[in-house]
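Novice: I'd like to ask some things about the structure below.
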Amino acid sequence: MADAGKARSAAASDSSGIADSNRSSLGFGSQAVTRTNPPPDQRPLVAPIYASSVFCPRDFEDAGRVQTGDGYLYSRWENPTTNLVADAIAELEGTSGGCLMYASGMSAITSALLTFLRKGDHVVAPDTCYAAVLSFFKEMCPRLGIEVSLVTTNDIDAYRQAIRPTTVLLYGETLTNPTVDMLDLAAFGKLSDETGRHIRTMVDSTFASPYCAQPVRYGIDIILHSCTKYFGGHSDLTAGCACFRLASDKRIMLQMRKMLGGIMSPFESFLLHRAVKTLHVRMERHCSNALAVAHYLESHDKITKVFYPGLPSHSRHDVAKRLMLNNAYGGMMSFVVKDGFDAARTFVEHLRLIVFAVSLGGVESLVEHPASMTHDPDALSLLGEQEVTVDLEGGLLRLSVGLENVDDLIKDLEQALAKV
């Protein structure tokens, strides 16, 4: 065995092709630069981080094969660690067309919009969705000659009536941000077929995660996520992804990603892949905690309204029961504190366990005030004279329910509400 090991070592070479037995003739600088060969394959249980920006083809023919998608040359194009987590997410999302990773959720969303929209196109989107997406529709689309119609959130008839001959994209959110309304994915997915031509459907499913909903089951073409949220789950990375029903759409977006350069880094890909392995365990707790918290808030006399699809009082509860998976309704909710902004502020400032911060989907519970933190009403005055129907009440708060003991969460809510 020792002789065999020596033989392997002697035969080994670095990436420049210099055999180990000849390295003693190299100068100090050359030795430092060229010692790059990886260790022999030891079949690690956990996949390694491929931090290399460059991958070396074996020969000219190999370089040609890589150009057609068989292998790796440059990490701005593709990277093994990043592709590993992409494959894992595609499998969980159920998208046979694959998945592409991005440096953030907004990188994934804007890349998708820029890939499939061009001058003269028309988009139909909901009037309540992530504020940065609304800003893109307002500020970027007019520059590109793209028209956008905002319709009442998740009103399928409104989508249907807004479709024009130039409509090429229908955009939605599985659960809307920040009002946690529920999109009828089944009806939304049929809108394209009703027109007799192909209109792409694109859904941001960040609030749901594939544990609670898989839009591809209903024919949705592209499913988007801010992986910073539930996929990452620990508030320690930023990432996004686009999952595809059709491999042809993935190929088109891959070319755009190469040009725009929005790929996720190998280091964060490693963190995300580790987190994805526990998504099902975390989501089960997020959802059970959220349901208990929603019932508590709904029963409190200082809360006038709770938006959570798991409550029978939710306007889309029947849709949620029909479409959401695992008898789970997600960890996100919004609610309105009686007496408006001042009462909401007093409530938030007296919370002890629940953290006042933006973002969502982490192990810790987070509360934010959309009207002043993420959904400035001025930013919702979109697209000229087009009316935006969303009403972000001054007392509206958004709550991302974490993994703490649910009794402790309810006690924290109770003591803070007592101060109002």
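Residues are referred to by chain and number: the chain letter is A, B, ... according to the order shown in the structure tokens, the number counts from 1 in that chain, and ligands are numbered separately from 1 in the order shown.
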At a cut-off of 8 Å, using only C-alpha atoms, what residues contact Leu351 in chain A? Leave out same-chain residues fewer than 4 positions from it and give the result as a ChimeraX atom specification.

Specialist: /A:347,355,412-413,415-416

Novice: What lies within 7 Å of Val216 in chain A using only C-alpha atoms, ignoring chain neighbours under 6 positions off, as a list of chain:residue names?

Specialist: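 The neighbour list is A:Gly94, A:Thr95, A:Arg245.
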
Novice: Compare A:Thr238, A:Leu397, A:Gln255, A:Gly340 by their minimum atom-to-atom distance to Phe307 in chain A, counting only C-alpha atoms, and give me the closest one.

Specialist: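 Closest residue, counting only C-alpha atoms: A:Leu397.
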
Novice: If you count only C-alpha atoms, which residues fall within 6 Å of range 179-191 of chain A, apart from same-chain ones fewer than 5 positions away, as a PyMOL selection string?

Specialist: chain A and resi 154+174+218-220+316+334

Novice: A:Glu91, A:Glu284, A:Glu414, A:Asp301: which is nearest Ala208 in chain A, counting only C-alpha atoms?

Specialist: A:Glu284
